[in-house]
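J.: To be precise about what I am sending: the file is called data-v6.cif and holds mmCIF, C-alpha atoms.
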```cif
data_upload
#
loop_
_atom_site.label_atom_id
_atom_site.label_comp_id
_atom_site.auth_asym_id
_atom_site.auth_seq_id
_atom_site.Cartn_x
_atom_site.Cartn_y
_atom_site.Cartn_z
CA MET A 54 44.27 -27.22 -11.00
CA SER A 55 44.43 -24.12 -8.79
CA THR A 56 45.83 -24.29 -5.31
CA ASN A 57 42.61 -22.69 -4.06
CA ASP A 58 40.50 -25.61 -5.21
CA GLY A 59 39.64 -28.47 -2.95
CA PRO A 60 37.51 -29.01 0.14
CA ARG A 61 37.11 -26.07 2.54
CA VAL A 62 38.08 -26.74 6.12
CA LEU A 63 35.12 -26.16 8.43
CA PRO A 64 35.83 -24.40 11.73
CA ASP A 65 35.77 -26.52 14.85
CA ALA A 66 33.94 -25.63 18.06
CA ARG A 67 36.91 -23.71 19.48
CA THR A 68 37.14 -21.47 16.42
CA GLU A 69 33.39 -20.87 16.33
CA GLN A 70 33.41 -19.89 20.01
CA ALA A 71 36.27 -17.45 19.43
CA LEU A 72 34.35 -15.87 16.55
CA ASP A 73 31.24 -15.55 18.72
CA ASN A 74 33.26 -13.86 21.46
CA ALA A 75 34.73 -11.43 18.94
CA GLU A 76 31.28 -10.54 17.61
CA ALA A 77 29.83 -10.13 21.11
CA ALA A 78 32.62 -7.82 22.21
CA PRO A 79 31.46 -4.20 22.47
CA THR A 80 32.60 -2.11 19.55
CA LYS A 81 33.53 1.53 19.79
CA ARG A 82 30.81 3.60 18.20
CA GLY A 83 31.83 6.81 16.54
CA GLY A 84 30.42 10.27 16.86
CA TRP A 85 31.42 13.24 18.94
CA LEU A 86 28.21 12.98 20.98
CA GLN A 87 28.69 9.34 21.90
CA PRO A 88 30.83 9.92 25.05
CA LEU A 89 28.23 12.39 26.31
CA ARG A 90 25.42 9.92 25.60
CA ASP A 91 27.27 7.10 27.39
CA ARG A 92 27.84 9.33 30.41
CA TRP A 93 24.18 10.32 30.40
CA ASN A 94 23.07 6.68 30.30
CA ARG A 95 25.22 5.88 33.35
CA LEU A 96 23.52 8.56 35.46
CA PRO A 97 20.75 7.51 37.90
CA ARG A 98 17.23 8.23 36.78
CA GLN A 99 16.73 10.90 39.45
CA ILE A 100 19.82 12.82 38.29
CA GLN A 101 18.59 12.64 34.69
CA TRP A 102 15.24 14.14 35.68
CA LEU A 103 17.05 16.90 37.59
CA TRP A 104 19.09 17.84 34.54
CA MET A 105 15.97 17.74 32.36
CA LEU A 106 14.21 20.12 34.74
CA ILE A 107 17.14 22.52 34.42
CA VAL A 108 16.93 22.32 30.61
CA VAL A 109 13.16 22.93 30.72
CA ALA A 110 13.71 25.99 32.96
CA LEU A 111 16.26 27.36 30.50
CA ALA A 112 13.84 26.72 27.64
CA PHE A 113 11.10 28.70 29.39
CA ALA A 114 13.58 31.54 30.00
CA LEU A 115 14.62 31.63 26.33
CA PRO A 116 12.52 34.74 25.39
CA TYR A 117 14.49 36.70 27.97
CA LEU A 118 17.90 35.56 26.69
CA ASN A 119 17.83 38.37 24.16
CA PHE A 120 21.53 39.07 23.67
CA PHE A 121 24.15 38.76 20.96
CA PRO A 122 24.88 36.37 19.26
CA LEU A 123 21.67 34.49 20.10
CA THR A 124 19.12 37.19 19.37
CA THR A 125 17.42 37.69 16.01
CA GLU A 126 16.92 41.42 16.54
CA PRO A 127 16.79 44.01 15.07
CA GLY A 128 15.65 42.12 11.98
CA ASN A 129 13.06 39.93 13.74
CA ASP A 130 11.40 40.09 17.13
CA TRP A 131 13.13 37.60 19.43
CA PRO A 132 10.05 36.27 21.35
CA LEU A 133 8.21 35.77 18.06
CA ALA A 134 11.26 33.95 16.71
CA CYS A 135 11.16 31.70 19.78
CA PHE A 136 7.52 30.91 19.02
CA ALA A 137 8.37 30.08 15.39
CA MET A 138 11.12 27.75 16.61
CA ALA A 139 8.68 26.04 18.98
CA VAL A 140 6.07 25.55 16.24
CA TYR A 141 8.61 24.05 13.84
CA ALA A 142 9.92 21.82 16.62
CA LEU A 143 6.39 20.56 17.32
CA ILE A 144 5.86 19.91 13.59
CA ALA A 145 9.13 17.97 13.42
CA VAL A 146 8.14 15.82 16.41
CA GLY A 147 4.86 14.91 14.70
CA LEU A 148 6.49 14.18 11.36
CA ASN A 149 9.15 12.11 13.13
CA VAL A 150 6.42 9.67 14.19
CA VAL A 151 5.63 9.03 10.52
CA VAL A 152 9.09 9.23 8.96
CA GLY A 153 11.43 8.40 11.83
CA PHE A 154 9.51 5.72 13.72
CA ALA A 155 7.40 4.00 11.05
CA GLY A 156 9.71 4.74 8.10
CA LEU A 157 6.94 6.20 5.89
CA LEU A 158 8.20 8.89 3.54
CA ASP A 159 5.62 11.70 3.78
CA LEU A 160 6.18 14.66 1.44
CA GLY A 161 2.76 16.20 2.02
CA TYR A 162 2.81 16.76 5.76
CA VAL A 163 2.06 20.44 5.19
CA ALA A 164 -1.52 19.36 4.32
CA PHE A 165 -2.22 18.45 7.96
CA PHE A 166 -0.63 21.73 9.06
CA ALA A 167 -2.98 23.55 6.67
CA ILE A 168 -6.05 21.63 7.83
CA GLY A 169 -5.31 22.52 11.45
CA SER A 170 -4.83 26.18 10.56
CA TYR A 171 -8.08 26.35 8.58
CA THR A 172 -9.97 24.56 11.34
CA ALA A 173 -8.93 27.19 13.89
CA ALA A 174 -9.65 30.02 11.45
CA MET A 175 -13.08 28.81 10.36
CA LEU A 176 -14.25 28.31 13.94
CA THR A 177 -12.99 31.60 15.39
CA SER A 178 -12.62 34.22 12.63
CA PRO A 179 -15.45 36.73 12.08
CA ASP A 180 -14.94 36.24 8.32
CA SER A 181 -16.17 32.66 8.61
CA PRO A 182 -19.88 31.81 8.24
CA PHE A 183 -19.59 28.91 10.69
CA THR A 184 -20.44 28.90 14.39
CA LYS A 185 -17.81 30.55 16.55
CA ILE A 186 -16.31 28.75 19.54
CA PRO A 187 -13.53 29.71 22.01
CA TYR A 188 -10.08 29.38 20.54
CA LEU A 189 -8.79 26.79 23.05
CA TRP A 190 -11.56 24.42 21.96
CA THR A 191 -10.20 24.51 18.43
CA LEU A 192 -6.98 22.78 19.49
CA PRO A 193 -8.52 19.32 20.21
CA ILE A 194 -10.99 19.79 17.34
CA ALA A 195 -8.12 20.49 14.93
CA MET A 196 -6.36 17.34 16.18
CA ALA A 197 -9.52 15.26 15.66
CA VAL A 198 -10.17 16.67 12.18
CA THR A 199 -6.59 16.13 10.99
CA MET A 200 -6.52 12.65 12.53
CA PHE A 201 -9.66 11.83 10.51
CA PHE A 202 -8.04 13.07 7.31
CA GLY A 203 -4.88 11.13 8.19
CA VAL A 204 -6.91 7.93 8.37
CA VAL A 205 -8.79 8.82 5.17
CA LEU A 206 -5.47 9.30 3.38
CA GLY A 207 -3.76 6.33 4.99
CA VAL A 208 -6.33 3.56 4.50
CA PRO A 209 -6.24 3.53 0.67
CA THR A 210 -2.58 4.51 0.24
CA LEU A 211 -0.52 2.89 3.01
CA ARG A 212 -0.31 -0.39 1.13
CA LEU A 213 2.13 1.50 -1.10
CA ARG A 214 5.78 1.81 -0.16
CA GLY A 215 8.77 4.00 -0.78
CA ASP A 216 8.65 6.40 -3.70
CA TYR A 217 5.06 5.52 -4.58
CA LEU A 218 3.84 6.52 -1.11
CA ALA A 219 5.93 9.70 -1.27
CA ILE A 220 4.27 10.70 -4.56
CA VAL A 221 0.79 10.05 -3.16
CA THR A 222 1.42 12.15 -0.05
CA LEU A 223 2.93 14.91 -2.17
CA GLY A 224 -0.22 14.92 -4.30
CA PHE A 225 -2.38 15.06 -1.18
CA GLY A 226 -0.56 18.16 0.00
CA GLU A 227 -1.14 19.87 -3.33
CA ILE A 228 -4.82 18.82 -3.37
CA VAL A 229 -5.40 20.50 -0.01
CA ARG A 230 -3.74 23.72 -1.19
CA ILE A 231 -5.73 23.77 -4.45
CA LEU A 232 -8.99 23.08 -2.62
CA ALA A 233 -8.25 26.03 -0.33
CA THR A 234 -7.97 28.14 -3.50
CA ILE A 235 -11.04 27.04 -5.45
CA ILE A 236 -13.60 26.42 -2.66
CA PRO A 237 -15.38 29.73 -1.95
CA ALA A 238 -15.90 28.97 1.74
CA LEU A 239 -12.11 28.76 2.25
CA LYS A 240 -11.67 32.24 0.72
CA GLY A 241 -8.49 31.51 -1.31
CA GLN A 242 -5.91 34.29 -1.18
CA VAL A 243 -8.24 36.61 0.73
CA GLY A 244 -8.17 34.27 3.69
CA PHE A 245 -9.49 34.67 7.22
CA GLN A 246 -8.52 37.62 9.40
CA ASN A 247 -8.70 38.14 13.17
CA VAL A 248 -8.34 34.47 14.02
CA GLY A 249 -9.12 33.86 17.68
CA HIS A 250 -6.63 33.57 20.52
CA PRO A 251 -6.70 32.37 24.16
CA PRO A 252 -8.49 34.61 26.64
CA GLY A 253 -6.80 36.96 29.08
CA LEU A 254 -6.02 40.66 29.41
CA ALA A 255 -2.94 42.36 30.75
CA ALA A 256 -3.05 45.19 33.29
CA ASN A 257 -3.09 47.78 30.49
CA GLY A 258 -6.09 46.14 28.81
CA ILE A 259 -4.11 44.60 25.93
CA PRO A 260 -4.75 40.87 25.32
CA ILE A 261 -2.03 38.67 26.78
CA PHE A 262 -2.01 36.48 23.66
CA SER A 263 -1.73 39.30 21.16
CA ASN A 264 -0.16 38.87 17.73
CA SER A 265 2.80 41.05 18.67
CA ASN A 266 3.59 39.37 21.99
CA GLY A 267 5.34 36.10 21.29
CA THR A 268 6.31 35.18 24.85
CA PRO A 269 2.96 33.72 26.07
CA TRP A 270 2.48 31.95 22.75
CA TYR A 271 5.95 30.44 23.11
CA TRP A 272 5.29 29.32 26.68
CA MET A 273 2.00 27.68 25.73
CA THR A 274 3.59 25.91 22.75
CA LEU A 275 6.53 24.77 24.85
CA GLY A 276 4.18 23.29 27.44
CA ILE A 277 2.35 21.42 24.68
CA ILE A 278 5.69 20.17 23.32
CA ILE A 279 6.64 18.75 26.73
CA VAL A 280 3.34 16.87 26.97
CA ILE A 281 3.68 15.57 23.39
CA LEU A 282 7.27 14.44 24.06
CA LEU A 283 6.20 12.49 27.14
CA LEU A 284 3.39 10.80 25.23
CA VAL A 285 5.56 10.03 22.20
CA GLY A 286 8.37 8.73 24.43
CA ASN A 287 6.04 6.31 26.21
CA LEU A 288 4.58 5.29 22.87
CA GLU A 289 8.06 4.71 21.47
CA ARG A 290 8.94 2.29 24.28
CA SER A 291 5.62 0.44 24.03
CA ARG A 292 4.60 -2.44 21.79
CA VAL A 293 3.36 0.07 19.23
CA GLY A 294 6.75 1.78 19.06
CA ARG A 295 8.59 -1.50 18.66
CA ALA A 296 6.17 -2.47 15.88
CA TRP A 297 6.91 0.82 14.12
CA ILE A 298 10.65 0.19 14.34
CA ALA A 299 10.18 -3.33 12.97
CA ILE A 300 8.17 -1.93 10.05
CA ARG A 301 10.81 0.70 9.39
CA GLU A 302 13.67 -1.79 9.34
CA ASP A 303 11.99 -4.53 7.27
CA GLU A 304 8.26 -4.49 6.67
CA ASP A 305 8.16 -7.95 5.08
CA ALA A 306 10.01 -9.53 8.01
CA ALA A 307 7.75 -7.74 10.48
CA GLU A 308 4.65 -9.01 8.73
CA ILE A 309 6.01 -12.56 8.65
CA MET A 310 6.63 -12.34 12.40
CA GLY A 311 2.98 -11.46 12.99
CA VAL A 312 3.07 -7.66 13.20
CA PRO A 313 -0.14 -6.15 11.73
CA THR A 314 1.82 -3.69 9.63
CA PHE A 315 -1.12 -1.97 7.95
CA LYS A 316 -2.83 -1.18 11.26
CA TYR A 317 0.30 0.28 12.83
CA LYS A 318 1.07 2.36 9.74
CA VAL A 319 -2.41 3.87 9.88
CA TRP A 320 -1.84 4.62 13.57
CA ALA A 321 1.41 6.39 12.75
CA PHE A 322 -0.27 8.47 10.06
CA ALA A 323 -3.15 9.40 12.36
CA ILE A 324 -0.94 10.36 15.31
CA GLY A 325 1.45 12.35 13.13
CA ALA A 326 -1.49 14.12 11.48
CA ALA A 327 -2.95 15.06 14.87
CA VAL A 328 0.30 16.71 15.97
CA GLY A 329 0.52 18.52 12.63
CA GLY A 330 -3.01 19.84 13.01
CA LEU A 331 -2.27 21.00 16.56
CA SER A 332 0.77 22.96 15.38
CA GLY A 333 -1.28 24.48 12.54
CA SER A 334 -3.96 25.75 14.92
CA LEU A 335 -1.29 27.32 17.16
CA PHE A 336 0.28 28.99 14.15
CA ALA A 337 -3.07 30.38 12.97
CA GLY A 338 -3.90 31.78 16.40
CA GLN A 339 -0.60 33.63 16.77
CA VAL A 340 -0.45 35.02 13.23
CA GLY A 341 -4.16 35.88 13.20
CA PHE A 342 -4.45 35.38 9.45
CA VAL A 343 -4.77 32.27 7.29
CA ASN A 344 -4.83 31.97 3.50
CA ASN A 345 -3.64 29.50 0.88
CA GLN A 346 -0.18 31.00 0.34
CA LYS A 347 1.54 29.47 3.36
CA PHE A 348 1.15 25.77 2.61
CA ASP A 349 3.22 25.04 -0.49
CA VAL A 350 5.51 22.14 -1.35
CA GLN A 351 8.65 24.01 -0.28
CA THR A 352 7.30 24.31 3.27
CA SER A 353 6.56 20.58 3.35
CA ILE A 354 10.10 19.77 2.21
CA LEU A 355 11.39 22.13 4.91
CA PHE A 356 9.49 20.11 7.53
CA LEU A 357 11.09 16.91 6.25
CA ALA A 358 14.52 18.54 6.23
CA ALA A 359 14.07 19.39 9.91
CA VAL A 360 13.55 15.71 10.79
CA VAL A 361 16.49 14.51 8.69
CA LEU A 362 18.76 17.26 10.00
CA GLY A 363 18.04 16.57 13.65
CA GLY A 364 18.04 12.79 13.40
CA SER A 365 15.26 10.65 11.97
CA GLY A 366 13.86 8.36 14.64
CA ASN A 367 15.00 10.47 17.60
CA LYS A 368 12.38 12.80 19.08
CA VAL A 369 14.99 15.06 20.69
CA GLY A 370 16.88 15.23 17.40
CA ALA A 371 13.70 16.16 15.53
CA LEU A 372 13.04 18.84 18.15
CA LEU A 373 16.50 20.29 17.60
CA GLY A 374 16.22 20.07 13.81
CA GLY A 375 12.90 21.90 13.75
CA ALA A 376 14.23 24.67 15.97
CA LEU A 377 17.31 25.11 13.78
CA VAL A 378 15.31 25.18 10.54
CA ALA A 379 13.19 28.02 11.92
CA TYR A 380 16.01 29.86 13.69
CA ILE A 381 18.66 30.12 10.96
CA PRO A 382 16.62 32.18 8.44
CA LEU A 383 15.38 34.45 11.24
CA ARG A 384 18.84 34.94 12.68
CA PHE A 385 20.59 35.58 9.38
CA THR A 386 18.03 37.74 7.61
CA ALA A 387 20.44 38.68 4.83
CA ILE A 388 20.59 35.07 3.64
CA ALA A 389 16.95 34.17 4.31
CA ASP A 390 16.20 34.14 0.58
CA TYR A 391 18.79 31.38 0.15
CA LYS A 392 17.53 29.18 2.97
CA TYR A 393 16.56 26.30 0.68
CA LEU A 394 20.01 26.35 -0.93
CA ILE A 395 21.67 26.45 2.48
CA PHE A 396 19.57 23.58 3.82
CA GLY A 397 20.25 21.57 0.67
CA VAL A 398 24.01 21.97 1.07
CA ALA A 399 23.73 21.24 4.78
CA LEU A 400 21.82 18.02 4.12
CA VAL A 401 24.39 16.87 1.54
CA LEU A 402 27.23 17.48 4.01
CA LEU A 403 25.22 15.82 6.76
CA MET A 404 24.67 12.70 4.69
CA ILE A 405 28.40 12.51 3.99
CA PHE A 406 29.77 13.09 7.50
CA ARG A 407 26.86 12.20 9.79
CA SER A 408 24.30 10.22 7.87
CA LYS A 409 22.01 9.55 10.86
CA GLY A 410 21.53 13.22 11.76
CA LEU A 411 22.80 15.43 14.54
CA ILE A 412 21.33 13.15 17.24
CA PRO A 413 20.91 9.60 15.87
CA ALA A 414 18.07 7.33 16.90
CA LYS A 415 18.44 5.14 19.97
CA GLU A 416 19.15 1.46 19.47
CA ARG A 417 17.47 0.14 22.63
CA LEU A 418 13.74 0.86 22.91
CA LEU A 419 12.66 -1.33 25.84
CA ALA A 420 11.22 0.51 28.82
CA TYR A 421 13.98 -0.96 31.01
CA GLY A 422 16.40 -1.63 28.16
CA ARG A 423 19.29 0.24 29.78
CA HIS A 424 19.05 -1.81 32.99
CA ALA A 425 18.80 -5.06 31.05
CA PHE A 426 21.77 -4.09 28.90
CA GLU A 427 23.90 -3.24 31.94
CA TYR A 428 22.90 -6.50 33.63
CA LEU A 429 23.78 -8.62 30.62
CA LYS A 430 27.06 -6.77 30.16
CA SER A 431 28.08 -7.26 33.80
CA THR A 432 27.07 -10.95 34.09
CA PRO A 433 28.22 -12.89 31.02
CA SER A 434 26.86 -16.40 30.81
CA ARG A 435 29.06 -19.50 30.82
CA PRO A 436 28.35 -21.82 27.88
CA PRO A 437 27.58 -25.42 28.84
CA GLY A 438 30.47 -27.81 28.51
CA PRO A 439 30.39 -31.23 26.87
CA GLY A 440 28.38 -33.71 28.85
CA SER A 441 26.67 -31.08 31.01
CA SER A 442 22.90 -31.05 31.20
CA GLY A 443 22.22 -27.48 32.32
CA SER A 444 24.03 -24.29 33.03
CA SER A 445 27.09 -25.96 34.61
CA GLY A 446 30.44 -25.70 32.88
CA ALA A 447 32.80 -28.36 31.70
CA SER A 448 34.05 -29.00 35.23
CA GLY A 449 30.53 -29.42 36.59
CA SER A 450 30.72 -26.23 38.66
CA SER A 451 27.66 -23.96 38.65
CA GLU A 452 29.54 -20.80 39.73
CA PRO A 453 29.38 -17.99 37.18
CA PRO A 454 32.63 -16.55 35.87
CA ALA A 455 34.08 -13.46 37.49
CA GLU A 456 32.91 -10.08 36.28
CA GLY A 457 34.84 -8.90 33.27
CA ALA A 458 36.41 -12.30 32.67
CA PRO A 459 36.38 -13.63 29.09
CA ARG A 460 33.96 -16.35 28.19
CA PRO A 461 35.60 -19.77 28.46
CA ILE A 462 36.34 -21.64 25.27
CA PRO A 463 35.21 -25.27 25.44
CA PRO A 464 37.63 -27.95 24.33
CA ALA A 465 37.39 -29.04 20.75
CA PRO A 466 35.36 -32.23 20.29
CA ALA A 467 37.14 -35.35 19.18
CA HIS A 468 36.91 -36.06 15.46
CA PRO A 469 36.87 -39.82 14.78
CA ALA A 470 38.52 -39.40 11.40
CA THR A 471 41.54 -37.62 12.86
CA ASP A 472 41.72 -38.62 16.56
CA ALA A 473 41.30 -42.38 16.20
CA PRO A 474 44.46 -44.46 16.90
CA SER A 475 46.48 -45.46 13.95
CA GLY A 476 45.17 -48.55 12.46
CA GLY A 477 41.79 -48.15 14.14
CA VAL A 478 38.48 -47.90 12.43
CA ALA A 479 37.30 -44.31 11.92
#
```
Represent the supplied structure as structure tokens.

T.:
Amino acid sequence: MSTNDGPRVLPDARTEQALDNAEAAPTKRGGWLQPLRDRWNRLPRQIQWLWMLIVVALAFALPYLNFFPLTTEPGNDWPLACFAMAVYALIAVGLNVVVGFAGLLDLGYVAFFAIGSYTAAMLTSPDSPFTKIPYLWTLPIAMAVTMFFGVVLGVPTLRLRGDYLAIVTLGFGEIVRILATIIPALKGQVGFQNVGHPPGLAANGIPIFSNSNGTPWYWMTLGIIIVILLLVGNLERSRVGRAWIAIREDEDAAEIMGVPTFKYKVWAFAIGAAVGGLSGSLFAGQVGFVNNQKFDVQTSILFLAAVVLGGSGNKVGALLGGALVAYIPLRFTAIADYKYLIFGVALVLLMIFRSKGLIPAKERLLAYGRHAFEYLKSTPSRPPGPGSSGSSGASGSSEPPAEGAPRPIPPAPAHPATDAPSGGVA
């Protein structure tokens, strides 16, 4: 008989309490950004808003920061590169709602980008037979149209999961591109020229929002990004955001706990599609030309790579990832043809050394989660002692332990089989 056989000794109350204290002790989280994040979380809310205003001011001044090594010139115009970065960042924020928050793998997000672009083109271009409207009106219309198509796609397919859902969304992206090729009204490769733009003329009579002037387009897109970030941030901290996180972590457990998973997944698809359509209409207005050659599978994978690179589930990380995905090929024009190879290698290295992205997702999503966390960390509770009826300790005192003091370990209960007097009855 092996020496390992025999009854296993169960831990007593003292051992269990020591294990609980060890598990509750704060662990040191890795990552070179973690000290900066901890310092940021300790700042008052007013100081955080002040720093964010400074960052926003620097972002608006970005078209004028045209110097080496930041600039993309002479290969690419720097203000136009800033606009491309802003559009990709907005796309990544919208896709992050679907992939990062709800955990739905969408490989056909470029379809919503294409629908938004065609909506703006068909309602403003002189090549379109439809009624023309001002360009700014096409932005909410593009959001509504893409939201409708997001619901149409989501209702029959969101009962699928994982790879099956990814294949369906990939097929939807290809269907939209093929329809743009074979439907005569969408004009295939010929496309729509002279897509509309916002009104306004400069002093020299040239339109402010011209195709060659990227600065006003960048400013308008950046303002839209700020509004979208505020809305998405409030949504993330709401009941809807917590339901998305529950679905992402374990859909079966979320459904058992009463979360209407199908409804919230459709919401995620619709909201993500609306942001994608908005970015597509902005892109169409700045470029001034839309055809079926700009909405292929590679572009959709590039959108997904932006979310994974920045940090799936973190809106700021997705913003950064989208900007980097657009900036790197424009900055290094000589290697632009190898951008998919470079992003593939970068993603492999990222999964090895930083699997959660450049800026990982937050762990606490409550609106006042930071204050609650600090309160619980600073006032540890005293476990009730034997014979106590409430929150009092073993000595009957109701005073809480001192701040930073370890949780008291209650005395081990008497075991009749071992603590009875010799000769007594156990």

J.: Around all the atoms of region 361-372 of chain A listed in the file, with 8 Å of room on each side, what axis-aligned box do you get, giving centre and edge lengths in Å to one decimal, as AutoDock Vina command-line options?

T.:
```
--center_x 15.6 --center_y 13.6 --center_z 14.7 --size_x 22.4 --size_y 26.5 --size_z 28.0
```

J.: Using the chain letters and numbering of this document, enumerate as a count of residues only the residues selected by the PyMOL selection byres ((chain A and resi 277) around 12).

T.: 26

J.: Between CA of Thr352 (chain A) and CA of Ala233 (chain A), what is the spacing in Å?

T.: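 Rounded to one decimal, the two atoms are 16.1 Å apart.
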
J.: List every protein, DNA or RNA residue that has at least one atom no more than 12 Å from (-5.4, 15.8, 5.1) in the file's coordinates, counting only C-alpha atoms, and write the result as a ChimeraX atom specification.

T.: /A:159,161-172,195-207,221-230,232-233,322-323,325-327,329-330

J.: May I have the residues within 10 Å of Tyr317 (chain A) as a ChimeraX atom specification, using all atoms listed in the file and disregarding those fewer than 2 positions away in the same chain?

T.: /A:155,293-294,296-297,300,312-315,319-323

J.: Can you translate the PyMOL selection byres ((chain A and resi 241) around 12) into the concrete residues it hits in this file, as a PDB file with C-alpha atoms, in the frame of the given file?

T.:
```pdb
ATOM      1  CA  TYR A 171      -8.080  26.350   8.580  1.00  0.00           C
ATOM      2  CA  VAL A 229      -5.400  20.500  -0.010  1.00  0.00           C
ATOM      3  CA  ARG A 230      -3.740  23.720  -1.190  1.00  0.00           C
ATOM      4  CA  ILE A 231      -5.730  23.770  -4.450  1.00  0.00           C
ATOM      5  CA  LEU A 232      -8.990  23.080  -2.620  1.00  0.00           C
ATOM      6  CA  ALA A 233      -8.250  26.030  -0.330  1.00  0.00           C
ATOM      7  CA  THR A 234      -7.970  28.140  -3.500  1.00  0.00           C
ATOM      8  CA  ILE A 235     -11.040  27.040  -5.450  1.00  0.00           C
ATOM      9  CA  ILE A 236     -13.600  26.420  -2.660  1.00  0.00           C
ATOM     10  CA  PRO A 237     -15.380  29.730  -1.950  1.00  0.00           C
ATOM     11  CA  ALA A 238     -15.900  28.970   1.740  1.00  0.00           C
ATOM     12  CA  LEU A 239     -12.110  28.760   2.250  1.00  0.00           C
ATOM     13  CA  LYS A 240     -11.670  32.240   0.720  1.00  0.00           C
ATOM     14  CA  GLN A 242      -5.910  34.290  -1.180  1.00  0.00           C
ATOM     15  CA  VAL A 243      -8.240  36.610   0.730  1.00  0.00           C
ATOM     16  CA  GLY A 244      -8.170  34.270   3.690  1.00  0.00           C
ATOM     17  CA  PHE A 245      -9.490  34.670   7.220  1.00  0.00           C
ATOM     18  CA  VAL A 343      -4.770  32.270   7.290  1.00  0.00           C
ATOM     19  CA  ASN A 344      -4.830  31.970   3.500  1.00  0.00           C
ATOM     20  CA  ASN A 345      -3.640  29.500   0.880  1.00  0.00           C
ATOM     21  CA  GLN A 346      -0.180  31.000   0.340  1.00  0.00           C
ATOM     22  CA  LYS A 347       1.540  29.470   3.360  1.00  0.00           C
ATOM     23  CA  PHE A 348       1.150  25.770   2.610  1.00  0.00           C
TER      24      PHE A 348
END
```

J.: What is the distance, in Å and to one decimal place, between CA of Ala137 (chain A) and CA of Gly364 (chain A)?

T.: 19.9 Å

J.: Quick one: of A:Leu362, A:Ala219, A:Val369, A:Ile261, who's nearest to Met404 (chain A), counting only C-alpha atoms?

T.: A:Leu362

J.: Would you write out, as a list in words, every residue that the PyMOL selection byres ((chain A and resi 115) around 12) captures in this file?

T.: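 With the shown file as input, the PyMOL selection byres ((chain A and resi 115) around 12) matches Val108, Val109, Ala110, Leu111, Ala112, Phe113, Ala114, Pro116, Tyr117, Leu118, Asn119, Phe120, Leu123, Thr124, Trp131, Pro132, Leu133, Ala134, Cys135, Phe136, Met138, Ala139, Gly267, Thr268, Pro269, Tyr271, Trp272 and Leu275 of chain A.
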
J.: If you keep C-alpha atoms, can you produce a file of those selected residues as an mmCIF file, in the frame of the given file?

T.:
```
data_model
loop_
_atom_site.group_PDB
_atom_site.id
_atom_site.type_symbol
_atom_site.label_atom_id
_atom_site.label_comp_id
_atom_site.auth_asym_id
_atom_site.auth_seq_id
_atom_site.Cartn_x
_atom_site.Cartn_y
_atom_site.Cartn_z
ATOM 1 C CA VAL A 108 16.930 22.320 30.610
ATOM 2 C CA VAL A 109 13.160 22.930 30.720
ATOM 3 C CA ALA A 110 13.710 25.990 32.960
ATOM 4 C CA LEU A 111 16.260 27.360 30.500
ATOM 5 C CA ALA A 112 13.840 26.720 27.640
ATOM 6 C CA PHE A 113 11.100 28.700 29.390
ATOM 7 C CA ALA A 114 13.580 31.540 30.000
ATOM 8 C CA PRO A 116 12.520 34.740 25.390
ATOM 9 C CA TYR A 117 14.490 36.700 27.970
ATOM 10 C CA LEU A 118 17.900 35.560 26.690
ATOM 11 C CA ASN A 119 17.830 38.370 24.160
ATOM 12 C CA PHE A 120 21.530 39.070 23.670
ATOM 13 C CA LEU A 123 21.670 34.490 20.100
ATOM 14 C CA THR A 124 19.120 37.190 19.370
ATOM 15 C CA TRP A 131 13.130 37.600 19.430
ATOM 16 C CA PRO A 132 10.050 36.270 21.350
ATOM 17 C CA LEU A 133 8.210 35.770 18.060
ATOM 18 C CA ALA A 134 11.260 33.950 16.710
ATOM 19 C CA CYS A 135 11.160 31.700 19.780
ATOM 20 C CA PHE A 136 7.520 30.910 19.020
ATOM 21 C CA MET A 138 11.120 27.750 16.610
ATOM 22 C CA ALA A 139 8.680 26.040 18.980
ATOM 23 C CA GLY A 267 5.340 36.100 21.290
ATOM 24 C CA THR A 268 6.310 35.180 24.850
ATOM 25 C CA PRO A 269 2.960 33.720 26.070
ATOM 26 C CA TYR A 271 5.950 30.440 23.110
ATOM 27 C CA TRP A 272 5.290 29.320 26.680
ATOM 28 C CA LEU A 275 6.530 24.770 24.850
#
```

J.: Please measure the separation of CA of Phe396 (chain A) and CA of Gly374 (chain A), giving the value in Å to one decimal.

T.: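 That distance, rounded to one decimal, is 11.1 Å.
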
J.: Identify, on the basis of all atoms listed in the file, every residue whose closest approach to Thr184 (chain A) does not exceed 12 Å; exclude the query and any residue fewer than 3 positions from it along the same chain; express the result as an MDAnalysis selection string.

T.: chainID A and resid 172:181 187 191

J.: Go through A:Val398, A:Leu373, A:Ala389, A:Ile194 one by one, measure the shortest atom-to-atom distance of each to Ala145 (chain A) using only C-alpha atoms, and give the residue with the smallest value.

T.: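 Closest residue, counting only C-alpha atoms: A:Leu373.
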